[in-house]
file target.txt (compact mmCIF, C-alpha atoms)
# COMPACT_ATOMS: atom_id res chain seq x y z
CA MET A 1 -31.74 3.09 -23.79
CA LEU A 2 -29.13 5.70 -23.01
CA LEU A 3 -28.42 8.40 -25.59
CA ARG A 4 -25.46 10.70 -25.98
CA THR A 5 -26.27 14.30 -25.16
CA ALA A 6 -23.56 15.93 -27.26
CA PRO A 7 -25.26 17.64 -30.25
CA ALA A 8 -23.10 15.96 -32.86
CA GLU A 9 -23.91 12.54 -31.46
CA ARG A 10 -27.51 13.04 -30.39
CA GLY A 11 -29.61 10.02 -31.24
CA LYS A 12 -26.77 7.52 -31.10
CA VAL A 13 -27.46 4.63 -28.75
CA LEU A 14 -24.61 4.07 -26.34
CA LYS A 15 -23.27 0.56 -26.02
CA THR A 16 -23.12 -0.73 -22.45
CA ALA A 17 -20.99 -3.53 -21.04
CA LEU A 18 -21.42 -5.25 -17.70
CA GLY A 19 -18.01 -5.93 -16.12
CA MET A 20 -16.99 -8.36 -13.38
CA ILE A 21 -13.77 -9.85 -12.02
CA VAL A 22 -13.84 -13.36 -10.51
CA ARG A 23 -11.61 -16.22 -9.55
CA ASN A 24 -13.73 -18.79 -11.39
CA VAL A 25 -16.55 -18.64 -13.91
CA ASP A 26 -18.34 -21.61 -12.37
CA THR A 27 -21.91 -20.35 -12.18
CA ASP A 28 -24.23 -18.37 -14.42
CA GLU A 29 -26.14 -16.86 -11.50
CA GLU A 30 -23.71 -14.04 -10.64
CA ILE A 31 -24.03 -12.49 -14.10
CA LEU A 32 -27.60 -13.45 -14.91
CA ARG A 33 -29.09 -11.85 -11.79
CA PHE A 34 -27.98 -8.53 -13.27
CA VAL A 35 -29.15 -9.47 -16.76
CA ASP A 36 -32.53 -10.40 -15.27
CA ASN A 37 -32.69 -7.07 -13.46
CA ALA A 38 -31.90 -5.13 -16.64
CA GLU A 39 -34.58 -6.98 -18.62
CA ARG A 40 -37.13 -6.65 -15.83
CA HIS A 41 -36.75 -2.87 -15.93
CA GLY A 42 -36.50 -2.52 -19.70
CA HIS A 43 -32.77 -1.90 -20.20
CA LYS A 44 -30.45 -3.40 -22.79
CA LEU A 45 -26.95 -4.56 -21.99
CA ASP A 46 -24.75 -5.19 -25.03
CA CYS A 47 -22.33 -7.65 -23.48
CA ALA A 48 -20.83 -9.03 -20.29
CA ILE A 49 -17.05 -8.92 -19.84
CA VAL A 50 -15.69 -11.19 -17.13
CA ALA A 51 -12.03 -11.52 -16.20
CA TYR A 52 -11.22 -14.81 -14.46
CA SER A 53 -7.94 -15.93 -12.94
CA HIS A 54 -8.45 -19.67 -12.58
CA ASN A 55 -11.18 -21.75 -14.18
CA LEU A 56 -13.88 -21.35 -16.82
CA ASP A 57 -16.85 -23.73 -16.68
CA ARG A 58 -17.95 -24.01 -20.32
CA ARG A 59 -21.45 -25.02 -19.33
CA ALA A 60 -21.92 -21.95 -17.11
CA ALA A 61 -20.43 -19.72 -19.81
CA GLY A 62 -22.78 -21.23 -22.37
CA LYS A 63 -25.83 -20.46 -20.25
CA ILE A 64 -24.70 -16.86 -19.90
CA ASN A 65 -24.05 -16.60 -23.64
CA GLU A 66 -27.61 -17.71 -24.36
CA ARG A 67 -28.80 -14.52 -22.67
CA ILE A 68 -26.06 -11.99 -23.39
CA PRO A 69 -22.84 -11.98 -25.42
CA LEU A 70 -20.09 -13.03 -23.01
CA TYR A 71 -16.41 -12.19 -23.29
CA ALA A 72 -14.68 -14.37 -20.69
CA ILE A 73 -11.03 -13.33 -20.36
CA ASP A 74 -8.34 -15.56 -18.93
CA VAL A 75 -6.17 -12.93 -17.22
CA LYS A 76 -3.11 -15.14 -17.70
CA ASN A 77 -3.58 -14.75 -21.45
CA PRO A 78 -5.98 -11.94 -22.49
CA GLU A 79 -5.88 -12.92 -26.15
CA PHE A 80 -8.12 -10.23 -27.67
CA CYS A 81 -6.38 -7.42 -25.78
CA LEU A 82 -2.97 -8.70 -26.78
CA GLU A 83 -3.96 -9.06 -30.44
CA GLN A 84 -5.52 -5.62 -30.65
CA SER A 85 -2.63 -3.95 -28.83
CA ARG A 86 -0.28 -5.37 -31.46
CA ARG A 87 -2.49 -3.99 -34.21
CA LEU A 88 -2.42 -0.61 -32.50
CA GLY A 89 1.35 -0.69 -32.69
CA MET A 90 1.94 -0.48 -28.96
CA SER A 91 5.49 -1.13 -27.82
CA GLU A 92 6.34 -4.45 -26.24
CA THR A 93 7.22 -2.64 -23.01
CA SER A 94 3.82 -0.96 -22.83
CA ARG A 95 1.95 -4.12 -23.73
CA LYS A 96 3.78 -5.96 -20.97
CA ALA A 97 3.06 -3.23 -18.39
CA LEU A 98 -0.68 -3.29 -19.11
CA LEU A 99 -1.46 -6.81 -20.25
CA GLU A 100 0.99 -9.20 -18.60
CA CYS A 101 -0.08 -10.51 -15.20
CA PRO A 102 2.36 -8.91 -12.72
CA VAL A 103 2.54 -11.94 -10.40
CA ASP A 104 3.11 -15.66 -10.72
CA VAL A 105 -0.39 -17.11 -10.91
CA GLY A 106 0.90 -20.03 -8.89
CA PHE A 107 0.30 -17.84 -5.85
CA GLY A 108 -3.42 -18.16 -6.54
CA LEU A 109 -4.15 -14.42 -6.51
CA VAL A 110 -4.07 -11.60 -9.06
CA PRO A 111 -3.84 -7.88 -8.19
CA TYR A 112 -7.21 -6.16 -8.23
CA SER A 113 -6.21 -3.37 -10.57
CA TYR A 114 -4.79 -5.73 -13.20
CA ASN A 115 -8.09 -7.61 -13.21
CA ARG A 116 -10.15 -4.43 -13.52
CA ASN A 117 -7.91 -2.92 -16.18
CA ILE A 118 -8.18 -6.05 -18.33
CA VAL A 119 -11.98 -5.70 -18.28
CA LEU A 120 -11.69 -1.96 -18.91
CA ILE A 121 -9.32 -2.35 -21.87
CA GLU A 122 -11.45 -5.12 -23.39
CA ALA A 123 -14.53 -2.88 -23.15
CA MET A 124 -12.72 -0.01 -24.83
CA LEU A 125 -11.31 -2.22 -27.60
CA ARG A 126 -14.81 -3.58 -28.26
CA CYS A 127 -16.05 0.00 -28.69
CA MET A 128 -18.27 0.10 -25.63
CA ASP A 129 -19.37 3.52 -24.41
CA ILE A 130 -20.29 2.66 -20.83
CA LEU A 131 -18.84 0.04 -18.51
CA ILE A 132 -20.79 -0.90 -15.40
CA PHE A 133 -18.66 -2.75 -12.87
CA VAL A 134 -20.30 -5.06 -10.34
CA ASP A 135 -18.76 -7.60 -7.99
CA ASN A 136 -19.85 -11.21 -7.72
CA ASP A 137 -20.96 -10.72 -4.09
CA VAL A 138 -23.16 -7.72 -4.99
CA PHE A 139 -26.85 -8.01 -5.86
CA PRO A 140 -29.23 -5.72 -7.83
CA ALA A 141 -31.47 -5.35 -4.78
CA VAL A 142 -31.36 -3.23 -1.63
CA LEU A 143 -31.47 -4.18 2.00
CA LYS A 144 -33.91 -1.93 3.81
CA GLU A 145 -35.78 -1.63 7.05
CA THR A 146 -39.17 -3.30 7.07
CA SER A 147 -41.96 -0.80 6.61
CA SER A 148 -44.59 -0.65 9.33
CA LYS A 149 -47.06 -1.34 6.53
CA ASP A 150 -45.53 -4.76 5.90
CA GLU A 151 -48.00 -6.45 8.25
CA GLU A 152 -47.23 -9.98 7.11
CA VAL A 153 -43.57 -9.55 8.04
CA ASN A 154 -44.27 -7.73 11.30
CA ARG A 155 -47.16 -9.85 12.53
CA HIS A 156 -45.05 -12.08 14.75
CA ASN A 157 -42.08 -9.78 15.35
CA GLU A 158 -41.85 -6.96 17.81
CA ILE A 159 -38.65 -5.80 16.06
CA SER A 160 -38.81 -6.01 12.29
CA GLU A 161 -36.01 -7.65 10.34
CA PRO A 162 -34.44 -6.01 7.27
CA VAL A 163 -35.83 -7.10 3.93
CA THR A 164 -34.42 -7.12 0.42
CA GLU A 165 -36.23 -5.24 -2.32
CA ASP A 166 -35.72 -5.24 -6.07
CA VAL A 167 -34.38 -1.99 -7.50
CA ASP A 168 -33.92 -0.57 -11.00
CA PHE A 169 -30.16 -0.89 -10.71
CA PHE A 170 -29.21 0.07 -14.26
CA GLY A 171 -31.97 2.64 -14.62
CA GLU A 172 -30.61 4.64 -11.69
CA HIS A 173 -27.10 4.66 -13.15
CA PHE A 174 -28.38 5.57 -16.62
CA LYS A 175 -30.61 8.35 -15.30
CA HIS A 176 -27.70 10.18 -13.72
CA LEU A 177 -25.38 9.60 -16.67
CA ARG A 178 -28.03 11.17 -18.91
CA ALA A 179 -28.21 14.11 -16.51
CA GLY A 180 -24.51 14.88 -16.96
CA SER A 181 -22.58 12.62 -14.60
CA GLN A 182 -19.56 10.94 -16.14
CA ILE A 183 -19.22 8.34 -13.41
CA THR A 184 -21.93 7.05 -11.08
CA THR A 185 -21.35 5.04 -7.93
CA GLY A 186 -22.65 4.60 -4.41
CA GLU A 187 -22.43 2.84 -1.08
CA TYR A 188 -23.72 -0.66 -0.38
CA SER A 189 -26.32 -2.06 1.95
CA GLY A 190 -25.27 -5.07 3.99
CA TYR A 191 -22.60 -5.71 6.59
CA ASN A 192 -19.61 -3.37 6.63
CA ILE A 193 -16.12 -4.83 6.24
CA LEU A 194 -15.58 -3.62 9.82
CA PRO A 195 -17.45 -6.23 11.89
CA HIS A 196 -19.20 -5.37 15.14
CA ALA A 197 -16.62 -5.07 17.93
CA PHE A 198 -15.68 -3.11 21.03
CA PHE A 199 -12.23 -3.10 22.61
CA ASP A 200 -9.85 -0.51 24.02
CA GLY A 201 -7.46 -0.45 21.06
CA MET A 202 -9.97 0.38 18.32
CA GLU A 203 -8.70 3.94 17.92
CA ASP A 204 -5.08 2.86 17.63
CA LEU A 205 -5.97 0.16 15.12
CA LEU A 206 -7.89 2.48 12.81
CA PHE A 207 -5.18 5.16 12.95
CA GLY A 208 -2.64 2.47 12.08
CA LEU A 209 -4.74 1.26 9.17
CA GLN A 210 -5.48 4.83 7.99
CA LYS A 211 -9.20 4.27 8.54
CA SER A 212 -9.72 6.78 11.35
CA GLU A 213 -12.76 8.31 9.63
CA MET A 214 -14.58 5.10 10.62
CA LEU A 215 -13.80 5.39 14.35
CA GLU A 216 -17.09 6.78 15.61
CA TYR A 217 -19.03 4.38 13.40
CA TRP A 218 -17.09 1.36 14.67
CA GLN A 219 -17.23 2.38 18.31
CA ASN A 220 -21.02 2.66 18.00
CA SER A 221 -21.37 -0.74 16.36
CA GLY A 222 -23.18 -2.09 19.39
CA THR A 223 -26.14 -0.03 18.20
CA HIS A 224 -26.18 -0.71 14.46
CA ARG A 225 -24.12 -3.95 14.39
CA CYS A 226 -22.29 -2.56 11.34
CA LEU A 227 -25.28 -3.39 9.18
CA ALA A 228 -26.01 -0.69 6.59
CA LEU A 229 -29.57 -0.31 5.30
CA LYS A 230 -30.80 1.84 2.46
CA PRO A 231 -32.02 5.10 4.01
CA PRO A 232 -35.63 6.16 3.33
CA GLU A 233 -34.38 9.15 1.37
CA HIS A 234 -31.09 9.89 -0.33
CA ARG A 235 -30.27 12.81 -2.56
CA PRO A 236 -27.56 12.28 -5.16
CA VAL A 237 -24.35 14.02 -4.16
CA PRO A 238 -21.08 14.71 -5.97
CA VAL A 239 -18.20 12.54 -4.75
CA LYS A 240 -14.53 12.02 -5.54
CA LYS A 241 -14.36 8.29 -4.84
CA ILE A 242 -15.89 5.21 -6.36
CA LEU A 243 -16.71 1.73 -5.16
CA GLY A 244 -15.50 -0.70 -7.79
CA GLY A 245 -18.36 -3.16 -7.32
CA ASN A 246 -21.03 -0.53 -7.98
CA THR A 247 -19.93 1.97 -10.56
CA ALA A 248 -20.84 3.01 -14.09
CA ILE A 249 -18.17 4.77 -16.14
CA THR A 250 -18.49 6.69 -19.38
CA LEU A 251 -15.37 5.32 -21.02
CA SER A 252 -14.46 8.57 -22.78
CA VAL A 253 -13.34 9.96 -19.39
CA PHE A 254 -10.25 7.82 -19.61
CA SER A 255 -8.81 10.31 -22.08
CA LYS A 256 -8.13 12.25 -18.85
CA LEU A 257 -8.08 9.63 -16.12
CA PRO A 258 -5.38 7.14 -15.15
CA PRO A 259 -6.30 3.46 -15.04
CA PHE A 260 -6.95 1.47 -11.88
CA PHE A 261 -3.83 0.77 -9.86
CA SER A 262 -2.91 -1.42 -6.92
CA SER A 263 0.06 -3.64 -6.26
CA HIS A 264 1.05 -6.58 -4.07
CA TYR A 265 3.77 -7.76 -1.72
CA ILE A 266 5.09 -11.09 -0.48
CA VAL A 267 5.69 -12.20 3.11
CA ASP A 268 7.10 -15.67 3.82
CA ASN A 269 6.22 -16.81 0.30
CA GLU A 270 2.57 -15.73 0.66
CA LEU A 271 1.23 -13.15 -1.76
CA TYR A 272 -0.85 -10.31 -0.32
CA LEU A 273 -2.98 -8.01 -2.45
CA ASN A 274 -3.10 -4.28 -1.80
CA ARG A 275 -6.55 -2.76 -1.57
CA GLY A 276 -7.48 0.62 -2.97
CA GLU A 277 -7.36 0.27 -6.76
CA ASP A 278 -10.45 2.46 -6.92
CA THR A 279 -9.06 4.84 -4.26
CA VAL A 280 -6.16 5.73 -6.55
CA LEU A 281 -8.59 6.28 -9.42
CA GLY A 282 -10.61 8.54 -7.11
CA LEU A 283 -7.62 10.86 -6.75
CA GLY A 284 -7.58 11.18 -10.53
CA ILE A 285 -11.30 11.96 -10.55
CA ALA A 286 -10.73 14.83 -8.12
CA LYS A 287 -7.70 16.15 -9.99
CA CYS A 288 -9.30 16.06 -13.46
CA GLY A 289 -12.65 17.54 -12.48
CA ILE A 290 -14.64 14.50 -13.58
CA VAL A 291 -18.33 14.66 -12.64
CA CYS A 292 -18.83 11.70 -10.31
CA THR A 293 -22.11 11.17 -8.46
CA ASP A 294 -23.15 9.00 -5.55
CA ILE A 295 -26.61 8.05 -6.77
CA GLY A 296 -27.73 6.50 -3.49
CA ILE A 297 -28.89 3.15 -4.82
CA TYR A 298 -27.30 0.96 -2.06
CA PRO A 299 -27.11 -2.47 -3.77
CA PHE A 300 -26.83 -5.35 -1.33
CA HIS A 301 -23.26 -6.52 -0.70
CA ASP A 302 -22.91 -9.94 0.93
CA THR A 303 -19.58 -8.92 2.45
CA TYR A 304 -18.94 -12.08 4.44
CA LYS A 305 -20.81 -14.37 2.02
CA ASN A 306 -23.17 -15.75 4.66
CA TYR A 307 -25.90 -13.15 5.18
CA PRO A 308 -28.08 -12.98 7.27
CA ALA A 309 -25.58 -14.39 9.78
CA GLU A 310 -23.90 -11.55 11.66
CA PRO A 311 -20.10 -11.49 11.33
CA ASP A 312 -18.63 -12.56 14.68
CA LEU A 313 -15.15 -11.10 14.97
CA ARG A 314 -14.58 -12.39 18.47
CA ASP A 315 -15.28 -16.08 17.94
CA ASP A 316 -15.73 -16.93 14.25
CA THR A 317 -12.64 -18.07 12.34
CA ASP A 318 -13.99 -17.13 8.90
CA THR A 319 -14.80 -13.59 10.04
CA GLN A 320 -11.37 -13.25 11.62
CA ASN A 321 -9.65 -14.43 8.42
CA ARG A 322 -11.68 -12.06 6.24
CA PHE A 323 -10.84 -9.13 8.48
CA PHE A 324 -7.17 -10.18 8.68
CA TYR A 325 -6.84 -9.96 4.91
CA ALA A 326 -8.70 -6.65 4.86
CA CYS A 327 -6.07 -5.33 7.27
CA THR A 328 -3.18 -6.68 5.18
CA GLY A 329 -4.77 -5.05 2.14
CA TRP A 330 -5.03 -1.66 3.86
CA VAL A 331 -1.41 -1.68 5.06
CA GLY A 332 -0.52 -2.66 1.50
CA ARG A 333 -2.41 0.31 0.07
CA ASN A 334 -1.23 3.02 2.44
CA PRO A 335 2.40 3.64 1.44
CA PHE A 336 1.59 4.40 -2.20
CA TYR A 337 -1.62 6.23 -1.30
CA ASN A 338 0.28 8.62 0.98
CA TYR A 339 2.93 9.09 -1.68
CA LEU A 340 0.22 10.15 -4.15
CA LEU A 341 -1.28 12.50 -1.56
CA GLY A 342 2.11 14.20 -1.22
CA ASN A 343 2.40 13.37 2.46
CA ASP A 344 5.70 13.01 4.31
CA VAL A 345 5.90 9.25 3.95
CA LYS A 346 8.57 8.83 6.61
CA SER A 347 6.55 10.56 9.32
CA VAL A 348 3.34 8.80 8.20
CA ARG A 349 5.07 5.44 8.43
CA GLU A 350 6.33 6.14 11.95
CA PHE A 351 2.95 7.44 13.12
CA GLN A 352 0.99 4.54 11.68
CA ARG A 353 3.37 1.88 12.92
CA GLU A 354 3.25 3.12 16.49
CA HIS A 355 -0.55 3.08 16.53
CA LEU A 356 -0.83 -0.15 14.57
CA GLU A 357 1.38 -2.09 16.95
CA ARG A 358 -0.81 -1.16 19.91
CA GLY A 359 -4.03 -1.68 17.97
CA LEU A 360 -3.05 -5.11 16.67
CA SER A 361 -2.04 -6.25 20.13
CA ALA A 362 -5.45 -5.18 21.44
CA LEU A 363 -7.23 -6.89 18.52
CA ALA A 364 -5.26 -10.10 19.07
CA GLY A 365 -6.31 -10.05 22.71
CA TYR A 366 -9.95 -9.32 21.93
CA THR A 367 -10.19 -12.17 19.42
CA SER A 368 -7.75 -14.55 21.16
CA ASN A 369 -6.05 -14.74 17.78
CA PRO A 370 -2.31 -13.91 17.83
CA LYS A 371 -2.24 -13.97 14.01
CA TYR A 372 -3.29 -10.33 13.96
CA ASN A 373 0.11 -9.34 15.37
CA ASP A 374 1.62 -10.59 12.10
CA VAL A 375 0.01 -7.65 10.26
CA LEU A 376 2.82 -5.48 11.64
CA ARG A 377 5.31 -7.52 9.63
CA ASN A 378 3.17 -7.00 6.53
CA PHE A 379 3.15 -3.28 7.29
CA ASP A 380 6.96 -3.18 7.25
CA VAL A 381 7.27 -5.21 4.04
CA SER A 382 4.73 -3.02 2.25
CA TRP A 383 6.39 0.22 3.27
CA ASP A 384 9.75 -1.21 2.18
CA SER A 385 8.12 -1.88 -1.21
CA LEU A 386 7.10 1.73 -1.85
CA GLU A 387 9.80 2.39 -4.46
CA ARG A 388 8.63 -0.67 -6.41
CA TYR A 389 5.02 0.52 -6.20
CA ILE A 390 6.04 3.90 -7.62
CA ASN A 391 8.00 2.34 -10.47
CA GLU A 392 5.13 0.00 -11.33
CA TYR A 393 2.67 2.88 -11.39
CA GLU A 394 4.88 5.02 -13.61
CA ASN A 395 5.28 2.13 -16.06
CA VAL A 396 1.54 1.48 -16.11
CA LEU A 397 0.79 5.18 -16.53
CA GLU A 398 3.20 5.50 -19.47
CA ALA A 399 1.72 2.42 -21.12
CA TRP A 400 -1.80 3.71 -20.50
CA GLY A 401 -0.96 6.99 -22.23
CA GLN A 402 0.25 5.07 -25.26
CA PHE A 403 -2.89 2.91 -25.29
CA ILE A 404 -5.21 5.91 -25.04
CA LYS A 405 -3.41 7.77 -27.83
CA ARG A 406 -3.33 4.82 -30.22
CA SER A 407 -6.87 3.63 -29.49
CA GLY A 408 -8.38 7.04 -30.21
CA TYR A 409 -9.69 7.83 -26.74
call {"tool": "encode", "arguments": {"input": "target.txt", "output": "structure tokens"}}
result
Amino acid sequence: MLLRTAPAERGKVLKTALGMIVRNVDTDEEILRFVDNAERHGHKLDCAIVAYSHNLDRRAAGKINERIPLYAIDVKNPEFCLEQSRRLGMSETSRKALLECPVDVGFGLVPYSYNRNIVLIEAMLRCMDILIFVDNDVFPAVLKETSSKDEEVNRHNEISEPVTEDVDFFGEHFKHLRAGSQITTGEYSGYNILPHAFFDGMEDLLFGLQKSEMLEYWQNSGTHRCLALKPPEHRPVPVKKILGGNTAITLSVFSKLPPFFSSHYIVDNELYLNRGEDTVLGLGIAKCGIVCTDIGIYPFHDTYKNYPAEPDLRDDTDTQNRFFYACTGWVGRNPFYNYLLGNDVKSVREFQREHLERGLSALAGYTSNPKYNDVLRNFDVSWDSLERYINEYENVLEAWGQFIKRSGY
């Protein structure tokens, strides 16, 4: 059990919630694999909070509830949050900004930050102290290189295959929170969202997507196939970013931090979700001096939902579609992200568009999929939406301030 370290609160057991955002609650396995891991390593979770946008299978929810108290929240109508916000005396404008779904659910998608904030607010209103976010394609195990000692695995293989290994997922997060971290996070093991590829326009594409820090990694993907394994050793390091599917947050930090934020845009009556809801929060972490630690646990992320199959960008339609929507999410994120960074948004837009056009053309040729050229249209629509993004963020931030003040955080 995790204990507060502040003298006045020493000895008080902190209440911990497991948080997840999903489209459907249609299986108990996604939650219970984490509950099993916690029990196996001697940790207590007080509840699971799951925000869903479409369907709730009562049978699956019942199985979860037999093991851990479950708060399943329909994001179209987050009843408990709405009721409690009224009791807190929040204004109708603020309640709408925080708790009303910002898009027509008929589109079939809900912005990432709205989902996460609903879970976050529910956890705070239920007096949780720690919220541990995981994603439904993340597992409490690590993917690692086979040890030379694993003779049974290596007996018939000249080159060993990666293996999964159980890990004390919650214990690692708790250990570093006890040591003074306010937020703990870390990278994943598994396939990167950038699938193995090699074509002449890679540099242009990554500059256009504002992912140039990944250039050397991607260009060398012929060696590592974009498969990340847990390294033999990893020392915890301070960081200013989090990964939303592997992060533990001491909720009291939100007296200083903004909430999650990401928006959306529409092209030809199709809704596209902006990525980066945790990137925006990371800027707040840096600005406020929050102690955030990469604990090096590397939980397995089944990025393309078909591991161990290798993502095939050149010939596989599912891989191409997944990467297409990653690209539309990045071009959605970038206008507001650069605004927050204080960059000259006009010059950034011109620079990125020039590179993106060339990079997308090269990607379309490499994959024989002309659909990638359409990302340039998404780029333009997203940049034209920057003023709306700013207004949405300011409204959410004002409402968040009211919520924090009235809820006692």
call {"tool": "closest_residue", "arguments": {"input": "target.txt", "among": "A:Met20, A:Val239, A:Tyr325, A:Leu360", "to": "Val291 of chain A", "atoms": "only C-alpha atoms"}}
result
A:Val239
call {"tool": "closest_residue", "arguments": {"input": "target.txt", "among": "A:Arg95, A:Arg322, A:Lys15, A:Arg275", "to": "Ile193 of chain A", "atoms": "all atoms listed in the file"}}
result
A:Arg322
call {"tool": "closest_residue", "arguments": {"input": "target.txt", "among": "A:Lys175, A:Asp315, A:Gly222, A:Glu30", "to": "Ser368 of chain A", "atoms": "all atoms listed in the file"}}
result
A:Asp315
call {"tool": "residues_around", "arguments": {"input": "target.txt", "residues": "Ile390 of chain A", "least_positions_apart": "4", "cutoff": "10 Å", "atoms": "all atoms listed in the file", "output": "PDB file with C-alpha atoms, in the coordinates of the input"}}
result
ATOM      1  CA  SER A 263       0.060  -3.640  -6.260  1.00  0.00           C
ATOM      2  CA  PRO A 335       2.400   3.640   1.440  1.00  0.00           C
ATOM      3  CA  PHE A 336       1.590   4.400  -2.200  1.00  0.00           C
ATOM      4  CA  TYR A 339       2.930   9.090  -1.680  1.00  0.00           C
ATOM      5  CA  LEU A 340       0.220  10.150  -4.150  1.00  0.00           C
ATOM      6  CA  SER A 385       8.120  -1.880  -1.210  1.00  0.00           C
ATOM      7  CA  LEU A 386       7.100   1.730  -1.850  1.00  0.00           C
ATOM      8  CA  GLU A 394       4.880   5.020 -13.610  1.00  0.00           C
ATOM      9  CA  ASN A 395       5.280   2.130 -16.060  1.00  0.00           C
ATOM     10  CA  VAL A 396       1.540   1.480 -16.110  1.00  0.00           C
TER      11      VAL A 396
END
call {"tool": "closest_residue", "arguments": {"input": "target.txt", "among": "A:Pro238, A:Gly365, A:Pro259, A:Gly245", "to": "Asp302 of chain A", "atoms": "all atoms listed in the file"}}
result
A:Gly245
call {"tool": "residues_around", "arguments": {"input": "target.txt", "residues": "Gln219 of chain A", "least_positions_apart": "6", "cutoff": "9 Å", "atoms": "all atoms listed in the file", "output": "mmCIF file with C-alpha atoms, in the coordinates of the input"}}
result
data_model
loop_
_atom_site.group_PDB
_atom_site.id
_atom_site.type_symbol
_atom_site.label_atom_id
_atom_site.label_comp_id
_atom_site.auth_asym_id
_atom_site.auth_seq_id
_atom_site.Cartn_x
_atom_site.Cartn_y
_atom_site.Cartn_z
ATOM 1 C CA HIS A 196 -19.200 -5.370 15.140
ATOM 2 C CA ALA A 197 -16.620 -5.070 17.930
ATOM 3 C CA PHE A 198 -15.680 -3.110 21.030
ATOM 4 C CA PHE A 199 -12.230 -3.100 22.610
ATOM 5 C CA MET A 202 -9.970 0.380 18.320
ATOM 6 C CA GLU A 203 -8.700 3.940 17.920
#
call {"tool": "atom_distance", "arguments": {"input": "target.txt", "atom1": "atom CA of Pro102 of chain A", "atom2": "atom CA of Lys405 of chain A"}}
result
23.2 Å
call {"tool": "residues_around", "arguments": {"input": "target.txt", "residues": "Ile64 of chain A", "least_positions_apart": "2", "cutoff": "12 Å", "atoms": "all atoms listed in the file", "output": "list in words"}}
result
Val25, Asp26, Thr27, Asp28, Glu29, Glu30, Ile31, Leu32, Arg33, Phe34, Val35, Asp36, Cys47, Ala48, Ile49, Val50, Asp57, Arg58, Arg59, Ala60, Ala61, Gly62, Glu66, Arg67, Ile68, Pro69, Leu70, Tyr71 and Ala72 of chain A
call {"tool": "write_last_selection", "arguments": {"input": "target.txt", "atoms": "C-alpha atoms", "output": "tab-separated table (two decimals), keeping the file's coordinate frame"}}
result
chain	number	residue	atom	x	y	z
A	25	VAL	CA	-16.55	-18.64	-13.91
A	26	ASP	CA	-18.34	-21.61	-12.37
A	27	THR	CA	-21.91	-20.35	-12.18
A	28	ASP	CA	-24.23	-18.37	-14.42
A	29	GLU	CA	-26.14	-16.86	-11.50
A	30	GLU	CA	-23.71	-14.04	-10.64
A	31	ILE	CA	-24.03	-12.49	-14.10
A	32	LEU	CA	-27.60	-13.45	-14.91
A	33	ARG	CA	-29.09	-11.85	-11.79
A	34	PHE	CA	-27.98	-8.53	-13.27
A	35	VAL	CA	-29.15	-9.47	-16.76
A	36	ASP	CA	-32.53	-10.40	-15.27
A	47	CYS	CA	-22.33	-7.65	-23.48
A	48	ALA	CA	-20.83	-9.03	-20.29
A	49	ILE	CA	-17.05	-8.92	-19.84
A	50	VAL	CA	-15.69	-11.19	-17.13
A	57	ASP	CA	-16.85	-23.73	-16.68
A	58	ARG	CA	-17.95	-24.01	-20.32
A	59	ARG	CA	-21.45	-25.02	-19.33
A	60	ALA	CA	-21.92	-21.95	-17.11
A	61	ALA	CA	-20.43	-19.72	-19.81
A	62	GLY	CA	-22.78	-21.23	-22.37
A	66	GLU	CA	-27.61	-17.71	-24.36
A	67	ARG	CA	-28.80	-14.52	-22.67
A	68	ILE	CA	-26.06	-11.99	-23.39
A	69	PRO	CA	-22.84	-11.98	-25.42
A	70	LEU	CA	-20.09	-13.03	-23.01
A	71	TYR	CA	-16.41	-12.19	-23.29
A	72	ALA	CA	-14.68	-14.37	-20.69
